[in-house]
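Q: Pasting query_12.cif here (mmCIF, C-alpha atoms):
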```
data_start
#
loop_
_atom_site.label_atom_id
_atom_site.label_comp_id
_atom_site.auth_asym_id
_atom_site.auth_seq_id
_atom_site.Cartn_x
_atom_site.Cartn_y
_atom_site.Cartn_z
CA MET G 22 45.06 33.46 10.28
CA SER G 23 43.15 35.87 8.07
CA GLN G 24 43.05 33.20 5.37
CA TYR G 25 41.03 30.94 7.67
CA THR G 26 38.67 33.73 8.69
CA GLU G 27 38.04 34.40 5.04
CA ILE G 28 37.31 30.72 4.37
CA VAL G 29 34.80 30.68 7.21
CA GLU G 30 33.19 33.90 6.00
CA ASN G 31 32.99 32.63 2.41
CA GLY G 32 31.38 29.36 3.38
CA LEU G 33 28.81 30.79 5.74
CA TRP G 34 27.90 34.04 4.02
CA LYS G 35 29.76 35.53 1.04
CA GLN G 36 29.83 32.41 -1.13
CA ASN G 37 27.13 30.43 0.64
CA PRO G 38 26.50 27.34 -1.51
CA GLY G 39 22.75 27.39 -0.93
CA VAL G 40 21.83 31.01 -1.63
CA VAL G 41 24.82 32.53 -3.47
CA GLN G 42 26.54 29.82 -5.49
CA LEU G 43 23.23 28.02 -5.96
CA LEU G 44 24.98 24.69 -6.25
CA GLY G 45 23.53 21.48 -4.90
CA LEU G 46 19.95 22.54 -5.45
CA CYS G 47 18.73 18.96 -5.96
CA PRO G 48 18.92 18.01 -2.26
CA THR G 49 18.14 21.57 -1.17
CA LEU G 50 14.79 21.39 -2.88
CA ALA G 51 14.04 17.72 -2.35
CA VAL G 52 14.68 17.03 1.32
CA THR G 53 13.82 20.30 3.05
CA THR G 54 10.33 19.32 4.11
CA SER G 55 11.33 19.60 7.77
CA VAL G 56 14.12 21.05 9.90
CA VAL G 57 15.39 17.63 10.93
CA ASN G 58 15.63 16.38 7.33
CA GLY G 59 17.34 19.54 6.13
CA VAL G 60 19.91 19.74 8.92
CA SER G 61 20.63 15.99 8.76
CA LEU G 62 21.44 16.07 5.07
CA GLY G 63 23.38 19.30 5.51
CA LEU G 64 25.63 17.81 8.19
CA ALA G 65 26.20 14.65 6.15
CA THR G 66 27.15 16.82 3.18
CA ALA G 67 29.54 18.88 5.34
CA LEU G 68 31.21 15.67 6.48
CA VAL G 69 31.61 14.40 2.91
CA MET G 70 32.91 17.78 1.73
CA ALA G 71 35.52 18.00 4.48
CA ALA G 72 36.59 14.40 3.78
CA SER G 73 36.77 14.76 0.00
CA ASN G 74 38.60 18.08 0.17
CA GLY G 75 40.99 16.53 2.66
CA ALA G 76 41.55 13.49 0.42
CA VAL G 77 42.11 15.40 -2.80
CA SER G 78 44.31 18.20 -1.46
CA PRO G 79 47.38 16.08 -0.51
CA VAL G 80 47.45 14.32 -3.89
CA ARG G 81 46.55 17.37 -5.97
CA LYS G 82 50.00 17.52 -7.62
CA LEU G 83 49.89 13.86 -8.66
CA VAL G 84 46.70 14.26 -10.67
CA PRO G 85 47.20 15.30 -14.31
CA ALA G 86 44.87 18.12 -15.35
CA GLU G 87 43.17 16.04 -18.09
CA ILE G 88 41.84 13.39 -15.74
CA ARG G 89 41.26 15.47 -12.63
CA VAL G 90 37.47 15.40 -12.85
CA PRO G 91 37.19 11.58 -13.14
CA VAL G 92 39.65 11.20 -10.27
CA PHE G 93 37.73 13.68 -8.11
CA ILE G 94 34.43 11.93 -8.82
CA LEU G 95 36.05 8.59 -8.00
CA VAL G 96 37.32 9.96 -4.67
CA ILE G 97 33.98 11.57 -3.77
CA ALA G 98 31.93 8.48 -4.70
CA ALA G 99 34.25 6.20 -2.73
CA LEU G 100 34.16 8.45 0.35
CA VAL G 101 30.37 8.76 0.25
CA THR G 102 30.11 4.98 0.08
CA VAL G 103 32.55 4.61 2.97
CA ILE G 104 30.56 7.05 5.11
CA ASP G 105 27.28 5.39 4.13
CA LEU G 106 28.60 1.93 5.10
CA ALA G 107 30.12 3.21 8.33
CA ILE G 108 26.92 4.95 9.46
CA HIS G 109 24.86 1.92 8.47
CA GLY G 110 27.09 -0.44 10.41
CA PHE G 111 27.84 1.58 13.52
CA ALA G 112 25.01 4.12 13.89
CA GLU G 113 21.82 2.40 12.78
CA PRO G 114 19.37 5.01 14.22
CA LEU G 115 21.18 7.78 12.35
CA HIS G 116 21.09 5.68 9.19
CA LYS G 117 17.32 5.43 9.43
CA VAL G 118 17.08 9.21 9.06
CA LEU G 119 20.01 9.89 6.73
CA GLY G 120 20.13 6.59 4.84
CA ILE G 121 18.18 7.62 1.78
CA PHE G 122 19.94 10.99 1.53
CA ILE G 123 23.57 9.94 1.74
CA PRO G 124 23.84 8.43 -1.77
CA LEU G 125 22.33 11.72 -3.03
CA ILE G 126 25.47 13.54 -1.92
CA VAL G 127 27.46 11.92 -4.74
CA VAL G 128 25.43 13.84 -7.31
CA ASN G 129 25.58 17.08 -5.34
CA CYS G 130 27.74 19.31 -7.51
CA ILE G 131 28.77 21.58 -4.62
CA VAL G 132 31.07 18.77 -3.46
CA LEU G 133 32.80 18.49 -6.85
CA ALA G 134 32.83 22.28 -7.18
CA ARG G 135 34.78 22.80 -3.94
CA VAL G 136 37.20 19.97 -4.72
CA GLU G 137 37.83 21.41 -8.17
CA SER G 138 38.01 25.08 -7.26
CA PHE G 139 39.58 24.96 -3.80
CA ALA G 140 41.08 21.62 -2.70
CA ALA G 141 42.89 21.15 -6.03
CA LYS G 142 44.76 24.41 -5.46
CA ASN G 143 45.32 24.59 -1.68
CA PRO G 144 47.08 22.65 1.08
CA PRO G 145 45.08 20.15 3.19
CA ALA G 146 44.32 22.27 6.29
CA PRO G 147 42.54 25.16 4.54
CA ALA G 148 40.97 22.67 2.12
CA ILE G 149 39.35 20.66 4.92
CA LEU G 150 38.15 23.84 6.61
CA ASP G 151 36.73 25.11 3.33
CA GLY G 152 34.81 21.88 2.71
CA PHE G 153 33.42 21.86 6.21
CA MET G 154 32.46 25.55 6.23
CA MET G 155 30.79 25.33 2.82
CA GLY G 156 28.90 22.33 4.18
CA LEU G 157 27.87 24.26 7.28
CA GLY G 158 26.71 27.16 5.12
CA LEU G 159 24.56 24.72 3.16
CA THR G 160 23.32 23.14 6.40
CA PHE G 161 22.20 26.55 7.61
CA VAL G 162 20.22 27.23 4.43
CA LEU G 163 18.70 23.72 4.47
CA GLY G 164 17.71 24.14 8.12
CA VAL G 165 16.07 27.54 7.60
CA LEU G 166 14.29 26.43 4.42
CA GLY G 167 13.16 23.23 6.15
CA GLY G 168 11.90 25.27 9.09
CA MET G 169 9.93 27.62 6.85
CA ARG G 170 8.31 24.80 4.91
CA GLU G 171 7.56 22.75 8.01
CA LEU G 172 6.06 25.70 9.88
CA ILE G 173 3.86 26.85 7.00
CA GLY G 174 3.05 23.36 5.75
CA LYS G 175 2.42 21.48 8.98
CA GLY G 176 2.52 24.05 11.78
CA THR G 177 5.28 22.18 13.63
CA LEU G 178 9.02 22.49 14.12
CA PHE G 179 11.61 19.71 14.60
CA SER G 180 9.13 16.92 13.83
CA GLY G 181 10.94 13.60 13.38
CA LEU G 182 13.48 14.46 16.07
CA ASP G 183 12.16 11.60 18.19
CA LEU G 184 12.60 9.20 15.27
CA ALA G 185 16.19 10.32 14.82
CA PHE G 186 17.40 10.37 18.41
CA GLY G 187 14.93 8.20 20.31
CA PRO G 188 11.61 8.79 22.05
CA SER G 189 13.22 10.90 24.80
CA PHE G 190 13.46 13.76 22.31
CA LYS G 191 9.70 13.80 21.74
CA PRO G 192 9.14 16.88 23.99
CA TYR G 193 11.38 18.95 21.71
CA VAL G 194 8.98 18.56 18.81
CA LEU G 195 7.16 21.89 18.81
CA THR G 196 3.60 22.29 17.67
CA VAL G 197 3.71 25.99 16.94
CA ILE G 198 0.24 26.34 15.54
CA SER G 199 -2.12 23.92 17.23
CA ASP G 200 -5.11 22.49 15.35
CA TYR G 201 -3.54 23.62 12.07
CA HIS G 202 -4.81 21.89 8.99
CA GLY G 203 -1.65 22.41 7.00
CA PHE G 204 -0.80 24.26 3.85
CA LEU G 205 0.16 21.49 1.46
CA LEU G 206 1.85 23.75 -1.10
CA ALA G 207 4.70 24.43 1.29
CA ILE G 208 5.48 20.72 1.66
CA LEU G 209 5.18 19.92 -2.05
CA PRO G 210 8.07 20.74 -4.46
CA PRO G 211 6.72 24.21 -5.46
CA GLY G 212 7.01 25.24 -1.83
CA ALA G 213 10.73 24.50 -1.98
CA PHE G 214 11.21 26.80 -4.98
CA LEU G 215 9.16 29.60 -3.43
CA GLY G 216 10.92 29.29 -0.07
CA LEU G 217 14.38 29.22 -1.64
CA ALA G 218 13.49 32.26 -3.75
CA CYS G 219 12.57 34.16 -0.57
CA LEU G 220 15.87 33.16 1.05
CA ILE G 221 17.93 34.22 -2.01
CA ALA G 222 16.05 37.52 -2.13
CA PHE G 223 16.75 38.07 1.55
CA ARG G 224 20.45 37.23 1.06
CA ASN G 225 20.75 39.71 -1.81
CA TRP G 226 18.90 42.40 0.12
CA ALA G 227 21.08 41.89 3.19
CA GLY G 228 24.19 41.75 0.98
CA THR G 229 23.49 45.08 -0.72
CA ARG G 230 22.70 46.76 2.59
CA ALA G 231 26.00 45.77 4.18
CA PRO G 232 28.72 47.55 2.18
CA LYS G 233 31.42 45.25 3.56
CA ALA G 234 29.96 42.20 1.92
CA THR G 235 29.95 43.83 -1.51
CA GLN G 236 33.71 44.25 -1.58
CA ALA G 237 34.72 40.69 -2.24
CA GLY G 238 32.79 39.49 -5.25
CA GLY G 239 29.52 41.13 -4.34
CA PRO G 240 26.36 39.29 -3.44
CA LEU G 241 24.87 39.49 -6.93
CA LYS G 242 27.88 37.96 -8.67
CA PRO G 243 28.39 34.33 -7.68
CA ALA G 244 31.88 33.03 -8.23
CA HIS G 245 30.79 30.06 -10.32
CA MET E 12 55.74 14.27 -31.30
CA PRO E 13 53.73 11.03 -31.25
CA GLU E 14 56.17 9.41 -28.86
CA THR E 15 55.65 12.04 -26.15
CA ILE E 16 51.90 11.85 -26.72
CA ILE E 17 51.93 8.11 -26.15
CA LYS E 18 54.12 8.56 -23.10
CA HIS E 19 51.84 11.22 -21.70
CA ALA E 20 48.68 9.20 -22.41
CA THR E 21 50.18 6.11 -20.77
CA LYS E 22 51.16 8.08 -17.70
CA THR E 23 47.69 9.64 -17.44
CA ALA E 24 45.98 6.27 -17.84
CA LEU E 25 48.24 4.67 -15.25
CA THR E 26 47.48 7.45 -12.77
CA LEU E 27 43.75 6.92 -13.21
CA ILE E 28 44.17 3.17 -12.82
CA ALA E 29 46.25 3.68 -9.68
CA PHE E 30 43.55 5.89 -8.14
CA ALA E 31 40.84 3.41 -9.11
CA LEU E 32 42.81 0.55 -7.53
CA VAL E 33 43.53 2.41 -4.29
CA PHE E 34 39.93 3.49 -3.78
CA THR E 35 38.51 0.13 -4.81
CA ALA E 36 40.78 -1.48 -2.23
CA LEU E 37 39.56 1.03 0.35
CA LEU E 38 35.94 0.19 -0.49
CA VAL E 39 36.60 -3.54 -0.28
CA TYR E 40 38.22 -3.09 3.12
CA ILE E 41 35.41 -0.92 4.51
CA PHE E 42 32.79 -3.26 3.05
CA GLN E 43 34.45 -6.24 4.76
CA ILE E 44 34.67 -4.64 8.20
CA THR E 45 31.14 -3.20 8.11
CA LYS E 46 29.47 -6.31 6.65
CA VAL E 47 28.75 -8.05 9.92
CA PRO E 48 27.62 -4.94 11.86
CA ILE E 49 25.32 -3.97 8.97
CA GLU E 50 23.76 -7.43 8.83
CA LYS E 51 23.27 -7.34 12.58
CA SER E 52 21.68 -3.91 12.64
CA GLU E 53 19.47 -4.76 9.65
CA ALA E 54 18.26 -7.92 11.36
CA ALA E 55 17.63 -5.94 14.56
CA ALA E 56 15.68 -3.30 12.63
CA ARG E 57 13.63 -5.98 10.88
CA LEU E 58 12.91 -7.75 14.14
CA ALA E 59 11.83 -4.44 15.71
CA LEU E 60 9.40 -3.99 12.82
CA PHE E 61 8.05 -7.51 13.25
CA ARG E 62 7.72 -6.89 16.98
CA GLN E 63 5.21 -4.11 16.25
CA ILE E 64 2.83 -6.55 14.60
CA VAL E 65 3.76 -9.88 16.19
CA PRO E 66 4.41 -9.46 19.93
CA ALA E 67 7.04 -11.64 21.57
CA SER E 68 4.33 -13.58 23.41
CA MET E 69 3.02 -14.91 20.10
CA HIS E 70 6.04 -16.98 19.15
CA ASP E 71 8.98 -18.87 20.56
CA ASN E 72 10.86 -19.55 17.33
CA ASP E 73 13.37 -17.41 15.45
CA ILE E 74 10.94 -15.46 13.35
CA LEU E 75 13.70 -14.03 11.11
CA LYS E 76 14.98 -17.47 10.11
CA ASP E 77 11.65 -19.29 9.75
CA THR E 78 10.89 -18.14 6.23
CA LEU E 79 9.02 -19.43 3.22
CA THR E 80 9.35 -18.14 -0.33
CA ILE E 81 5.95 -17.54 -1.87
CA ALA E 82 5.34 -17.55 -5.61
CA PRO E 83 3.92 -14.33 -7.08
CA ASN E 84 0.17 -14.12 -6.59
CA ASP E 85 -2.53 -11.72 -7.73
CA LEU E 86 -4.06 -11.63 -4.26
CA LEU E 87 -0.77 -10.36 -2.84
CA GLY E 88 -0.32 -7.98 -5.76
CA ASN E 89 3.28 -8.96 -6.38
CA THR E 90 5.04 -10.05 -9.54
CA GLN E 91 8.20 -11.24 -7.81
CA PRO E 92 8.42 -14.08 -5.29
CA SER E 93 8.12 -12.75 -1.74
CA ILE E 94 9.27 -13.99 1.66
CA ALA E 95 6.84 -14.91 4.40
CA ASN E 96 8.04 -15.09 8.01
CA ARG E 97 6.33 -17.57 10.29
CA ALA E 98 5.72 -17.40 14.01
CA ARG E 99 5.23 -20.64 15.94
CA ILE E 100 4.69 -21.68 19.51
CA ASN E 101 5.97 -25.17 20.36
CA ASN E 102 6.17 -25.80 16.62
CA ALA E 103 2.45 -25.18 16.25
CA PRO E 104 1.61 -22.42 13.73
CA ALA E 105 0.82 -19.10 15.44
CA ALA E 106 1.00 -16.40 12.80
CA VAL E 107 2.44 -15.53 9.41
CA ILE E 108 3.83 -12.23 8.15
CA LEU E 109 3.06 -11.59 4.49
CA GLU E 110 4.24 -8.88 2.16
CA ALA E 111 1.58 -7.40 -0.10
CA ILE E 112 1.56 -4.58 -2.63
CA ALA E 113 -1.35 -2.24 -3.36
CA HIS E 114 -1.08 -0.93 -6.92
CA ASP E 115 -4.02 1.46 -6.81
CA GLY E 116 -2.67 4.05 -4.38
CA TYR E 117 -2.77 7.74 -5.25
CA SER E 118 0.82 7.72 -6.49
CA GLY E 119 2.76 4.52 -6.96
CA ASP E 120 2.75 1.22 -5.16
CA ILE E 121 2.12 0.87 -1.44
CA LYS E 122 4.12 -1.97 0.12
CA LEU E 123 2.50 -3.55 3.16
CA LEU E 124 3.55 -5.98 5.84
CA ILE E 125 0.57 -7.94 7.12
CA ALA E 126 0.67 -10.29 10.13
CA ILE E 127 -2.19 -12.78 10.25
CA LYS E 128 -2.80 -15.12 13.16
CA TYR E 129 -3.46 -18.79 12.42
CA ASP E 130 -7.16 -18.34 13.21
CA GLY E 131 -7.47 -15.77 10.42
CA GLU E 132 -7.44 -12.69 12.62
CA ILE E 133 -5.11 -9.80 11.75
CA SER E 134 -2.37 -9.28 14.29
CA GLY E 135 -1.16 -6.05 12.72
CA VAL E 136 -0.45 -4.20 9.50
CA ARG E 137 2.38 -1.77 8.69
CA VAL E 138 3.21 0.23 5.60
CA LEU E 139 6.74 -0.54 4.42
CA THR E 140 7.06 2.00 1.60
CA HIS E 141 4.69 4.41 -0.08
CA LYS E 142 4.77 7.55 -2.20
CA GLU E 143 1.47 9.08 -1.06
CA THR E 144 1.15 12.86 -0.75
CA PRO E 145 2.93 14.12 2.38
CA GLY E 146 0.53 15.60 4.87
CA LEU E 147 -2.50 14.21 3.05
CA GLY E 148 -2.43 10.51 2.17
CA ASP E 149 0.53 9.56 4.33
CA TYR E 150 -1.51 8.95 7.50
CA ILE E 151 -1.42 5.24 6.58
CA ASP E 152 2.17 5.32 7.86
CA ILE E 153 2.49 4.53 11.57
CA ALA E 154 4.96 7.43 11.88
CA LYS E 155 2.20 9.84 10.85
CA GLY E 156 -0.88 8.37 12.48
CA ASP E 157 -2.61 5.41 14.09
CA TRP E 158 -4.96 4.74 11.18
CA ILE E 159 -3.20 1.49 10.24
CA LYS E 160 -4.12 0.08 13.67
CA LEU E 161 -7.78 -0.04 12.58
CA PHE E 162 -6.95 -3.40 11.04
CA ASP E 163 -5.90 -4.95 14.35
CA ALA E 164 -8.04 -7.97 15.25
CA GLU E 165 -10.13 -7.73 12.08
CA SER E 166 -10.81 -10.84 10.02
CA LEU E 167 -12.75 -12.09 7.03
CA THR E 168 -15.57 -13.61 9.05
CA LYS E 169 -16.06 -11.38 12.06
CA THR E 170 -19.23 -9.34 11.75
CA SER E 171 -19.23 -7.05 14.75
CA ASP E 172 -21.88 -4.70 13.38
CA GLY E 173 -24.07 -7.29 11.68
CA LYS E 174 -22.98 -6.40 8.18
CA LEU E 175 -21.89 -9.04 5.72
CA ALA E 176 -18.20 -9.69 6.13
CA GLU E 177 -17.53 -9.02 2.46
CA ASP E 178 -19.20 -5.60 2.65
CA LYS E 179 -17.35 -4.30 5.63
CA TRP E 180 -13.95 -4.49 3.94
CA LYS E 181 -14.35 -1.05 2.43
CA VAL E 182 -13.86 2.53 3.60
CA LYS E 183 -16.91 4.19 5.16
CA LYS E 184 -17.49 6.30 2.07
CA ASP E 185 -18.09 3.09 0.07
CA GLY E 186 -20.35 1.62 2.75
CA GLY E 187 -17.69 -0.32 4.63
CA GLN E 188 -16.45 0.03 8.18
CA PHE E 189 -13.03 1.65 7.78
CA ASP E 190 -12.58 5.29 8.67
CA TYR E 191 -10.71 7.59 6.32
CA MET E 192 -9.61 11.19 6.21
CA ALA E 193 -11.68 13.49 4.02
CA GLY E 194 -9.74 14.52 0.94
CA ALA E 195 -7.62 11.37 0.86
CA THR E 196 -9.87 8.40 0.15
CA ILE E 197 -7.93 6.74 -2.63
CA THR E 198 -5.00 5.81 -0.36
CA PRO E 199 -6.98 4.06 2.45
CA ARG E 200 -9.24 2.44 -0.17
CA ALA E 201 -6.17 0.85 -1.77
CA VAL E 202 -4.79 -0.30 1.58
CA VAL E 203 -8.11 -1.79 2.73
CA LYS E 204 -8.44 -3.64 -0.58
CA ALA E 205 -4.89 -4.99 -0.38
CA VAL E 206 -5.31 -6.21 3.22
CA HIS E 207 -8.63 -7.82 2.30
CA LYS E 208 -7.04 -9.65 -0.62
CA ALA E 209 -4.12 -10.77 1.55
CA LEU E 210 -6.60 -12.26 4.02
CA LYS E 211 -8.25 -14.15 1.17
CA TYR E 212 -4.84 -15.43 0.11
CA PHE E 213 -4.19 -16.59 3.66
CA GLU E 214 -7.55 -18.35 3.82
CA ALA E 215 -6.87 -20.22 0.59
CA ASN E 216 -3.25 -21.13 1.36
CA LYS E 217 -3.36 -21.38 5.14
CA ASP E 218 -1.91 -24.85 5.48
CA ALA E 219 0.67 -24.54 2.72
CA LEU E 220 2.08 -21.48 4.46
CA PHE E 221 3.11 -23.41 7.56
CA VAL E 222 4.75 -26.41 5.90
#
```
Kindly present the structure from the file in structure tokens form.

A:
Amino acid sequence: MSQYTEIVENGLWKQNPGVVQLLGLCPTLAVTTSVVNGVSLGLATALVMAASNGAVSPVRKLVPAEIRVPVFILVIAALVTVIDLAIHGFAEPLHKVLGIFIPLIVVNCIVLARVESFAAKNPPAPAILDGFMMGLGLTFVLGVLGGMRELIGKGTLFSGLDLAFGPSFKPYVLTVISDYHGFLLAILPPGAFLGLACLIAFRNWAGTRAPKATQAGGPLKPAH
Amino acid sequence: MPETIIKHATKTALTLIAFALVFTALLVYIFQITKVPIEKSEAAARLALFRQIVPASMHDNDILKDTLTIAPNDLLGNTQPSIANRARINNAPAAVILEAIAHDGYSGDIKLLIAIKYDGEISGVRVLTHKETPGLGDYIDIAKGDWIKLFDAESLTKTSDGKLAEDKWKVKKDGGQFDYMAGATITPRAVVKAVHKALKYFEANKDALFV
């Protein structure tokens, strides 16, 4: 099972989409104004990535090389629409939070990148795991970045949790710094760039310190 | 060899068509089975929004179905026809919910939902969509603050503090009666102006709205 361990390790750390591959920056930068937003989009992306990898992998030998990209995009767009419709129809409260983000996933190139570079060359089981783990790696980065921006920008953590899961979750919204007037820069787009830069710097620093991580690929040399 | 090229191209095209057909069929199927649940949950969400500004005690009709299409009007700030929902009790007019757009927000249009009782008093106002600065101008949104509730029970004629009715429909900075947050005056100014204009529209078209 070492292949699976490697897939998990790649998704979460070595080839983390958010801070190593630097793919899918559009949603990373746009929606991470709070933990709840970041994690919500991250989980939706993980779901789409697992589904699209799982859909492409079984038919990978039927797709001629010349038209593989259009076919992959077709599959991803269809699956995103299916998930969007399903959430809208059967989980309305979740759709309120995720609704505007789900169509964004179609244009997230990390999805196409994993289909193209992994699912098109591997059997379904590892492909699904790869999609999901890459998605979780992205979720982790989005959550941390969202937390940083929310804490510095508004002085709270997990705000919006009550809107996502009902009023009973209101007590979990933490006001870390009370009577805080906010630091608007962190919420505005520049804050996303600065925060992400700090995270990438931390990832590279941690990667160079741990000699094990430098063996496969190395933290400074993204695979794509 | 041209023949093999044609053969190859045909095969490639057919594969793409096959994929397009399969996934289009999948989309059609999913669209069909989610259509009714989506309509239901959208209606429920819309009713929940209406409930915030028109309480159940204010009507006994189906507020979602009792609609009127209103032609575009400068006072409502729209260029497209909009839908007004009407609340009635025993068929007598009780309130109307209007959509209005403020064009002079800090960034982009602010879409408002304004419920006005038949006597001209505001039942409630909610912001539908806006692009105001997060953390600064977005306190007009009920999710971020209670500011929008300042409009509750206001009207064109009521003069609680003795001022002329026309004068009080401004933010405090401009000599009116509406509070605002320092540093973000443009946003509440736009909202106050839009609500004021919507009230004027209601006053002028009151009876036509309940036909």

Q: Provide as a CSV table (one decimal) with C-alpha atoms, in the coordinates of the input the residues of chain G at most 9 Å from chain E, counting all atoms listed in the file.

A:
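Output below, filename out-v6.csv:
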```
chain,number,residue,atom,x,y,z
G,83,LEU,CA,49.9,13.9,-8.7
G,84,VAL,CA,46.7,14.3,-10.7
G,85,PRO,CA,47.2,15.3,-14.3
G,87,GLU,CA,43.2,16.0,-18.1
G,88,ILE,CA,41.8,13.4,-15.7
G,89,ARG,CA,41.3,15.5,-12.6
G,91,PRO,CA,37.2,11.6,-13.1
G,92,VAL,CA,39.6,11.2,-10.3
G,95,LEU,CA,36.0,8.6,-8.0
G,96,VAL,CA,37.3,10.0,-4.7
G,99,ALA,CA,34.2,6.2,-2.7
G,100,LEU,CA,34.2,8.4,0.4
G,102,THR,CA,30.1,5.0,0.1
G,103,VAL,CA,32.6,4.6,3.0
G,106,LEU,CA,28.6,1.9,5.1
G,107,ALA,CA,30.1,3.2,8.3
G,109,HIS,CA,24.9,1.9,8.5
G,110,GLY,CA,27.1,-0.4,10.4
G,111,PHE,CA,27.8,1.6,13.5
G,112,ALA,CA,25.0,4.1,13.9
G,113,GLU,CA,21.8,2.4,12.8
G,174,GLY,CA,3.0,23.4,5.8
G,175,LYS,CA,2.4,21.5,9.0
G,181,GLY,CA,10.9,13.6,13.4
G,184,LEU,CA,12.6,9.2,15.3
G,203,GLY,CA,-1.6,22.4,7.0
G,204,PHE,CA,-0.8,24.3,3.8
G,205,LEU,CA,0.2,21.5,1.5
G,208,ILE,CA,5.5,20.7,1.7
G,209,LEU,CA,5.2,19.9,-2.0
```

Q: Quick one: pull the distance between CA of Val136 in chain G and CA of Phe214 in chain G, Å, one decimal.

A: 26.9 Å

Q: As a check of understanding, name the residues that the PyMOL selection byres ((chain E and resi 72-79) around 8) selects in the supplied structure, as a VMD selection string.

A: chain E and resid 54 58 70 to 71 80 to 81 94 to 100 102 220

Q: In Å, how far is it from CA of Ala126 in chain E to CA of Ala193 in chain E?

A: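 If I compute the distance from CA of Ala126 in chain E to CA of Ala193 in chain E, I get 27.5 Å.
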
Q: Can you tell me how far CA of Ile131 in chain G sits from CA of Lys117 in chain G, in Å to one decimal?

A: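 Between CA of Ile131 in chain G and CA of Lys117 in chain G the gap works out to 24.3 Å.
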
Q: Kindly resolve the PyMOL selection byres ((chain G and resi 217) around 9) on the present coordinates and return the residues as an mmCIF file with C-alpha atoms, keeping the file's coordinate frame.

A:
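Resulting contents of out-v4.cif:
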```cif
data_model
loop_
_atom_site.group_PDB
_atom_site.id
_atom_site.type_symbol
_atom_site.label_atom_id
_atom_site.label_comp_id
_atom_site.auth_asym_id
_atom_site.auth_seq_id
_atom_site.Cartn_x
_atom_site.Cartn_y
_atom_site.Cartn_z
ATOM 1 C CA GLY G 39 22.750 27.390 -0.930
ATOM 2 C CA VAL G 40 21.830 31.010 -1.630
ATOM 3 C CA THR G 49 18.140 21.570 -1.170
ATOM 4 C CA LEU G 50 14.790 21.390 -2.880
ATOM 5 C CA VAL G 162 20.220 27.230 4.430
ATOM 6 C CA LEU G 166 14.290 26.430 4.420
ATOM 7 C CA GLY G 212 7.010 25.240 -1.830
ATOM 8 C CA ALA G 213 10.730 24.500 -1.980
ATOM 9 C CA PHE G 214 11.210 26.800 -4.980
ATOM 10 C CA LEU G 215 9.160 29.600 -3.430
ATOM 11 C CA GLY G 216 10.920 29.290 -0.070
ATOM 12 C CA ALA G 218 13.490 32.260 -3.750
ATOM 13 C CA CYS G 219 12.570 34.160 -0.570
ATOM 14 C CA LEU G 220 15.870 33.160 1.050
ATOM 15 C CA ILE G 221 17.930 34.220 -2.010
ATOM 16 C CA ALA G 222 16.050 37.520 -2.130
#
```

Q: Taking only C-alpha atoms into account, name the residue in E:Met69, E:Lys18, E:Met192, E:Arg57 that is nearest to Asn101 in chain E.

A: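 Residue with the minimum atom-to-atom distance to Asn101 in chain E: E:Met69.
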
Q: Given the file above and the PyMOL selection byres ((chain G and resi 140-150) around 7), which residues are selected, and can you give them as a list in words?

A: Tyr25, Ala71, Ala72, Asn74, Gly75, Val77, Ser78, Pro79, Arg81, Arg135, Val136, Glu137, Ser138, Phe139, Asp151, Gly152, Phe153 and Met154 of chain G

Q: Leaving out range 195-207 of chain E and any residue of its chain fewer than 5 positions from it, which residues lie within 6 Å of it when counting all atoms listed in the file, given as a PDB file with C-alpha atoms, in the frame of the given file?

A:
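File produced: around.pdb:
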```
ATOM      1  CA  ALA E 113      -1.350  -2.240  -3.360  1.00  0.00           C
ATOM      2  CA  ASP E 115      -4.020   1.460  -6.810  1.00  0.00           C
ATOM      3  CA  GLY E 116      -2.670   4.050  -4.380  1.00  0.00           C
ATOM      4  CA  TYR E 117      -2.770   7.740  -5.250  1.00  0.00           C
ATOM      5  CA  GLY E 148      -2.430  10.510   2.170  1.00  0.00           C
ATOM      6  CA  VAL E 182     -13.860   2.530   3.600  1.00  0.00           C
TER       7      VAL E 182
END
```

Q: Mind checking which residues fall within 12 Å of Thr90 in chain E, counting all atoms listed in the file, ignoring those fewer than 6 positions away in the same chain, and posting them as a list in words?

A: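 Neighbouring residues, sequence-local ones excluded: Ile81, Ala82, Pro83, Asn84, Glu110, Ala111, Ile112, Ala113 and His114 of chain E.
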
Q: Nearest to Leu206 in chain G among G:Leu44, G:Ile173, G:Ile94, G:Ala65, with distances taken over only C-alpha atoms: which residue is it?

A: G:Ile173

Q: Closest to Lys160 in chain E among E:Thr140, E:Ile16, E:Lys217, E:Ile64, using all atoms listed in the file?

A: E:Ile64

Q: Please return the centre and edge lengths, in Å to one decimal, of a box with edges along x, y and z that contains all listed atoms of range 29-34 of chain E, widened by 4 Å on every side, as lines of an AutoDock Vina configuration file.

A:
```
center_x = 43.1
center_y = 3.2
center_z = -6.7
size_x = 14.3
size_y = 13.3
size_z = 13.9
```
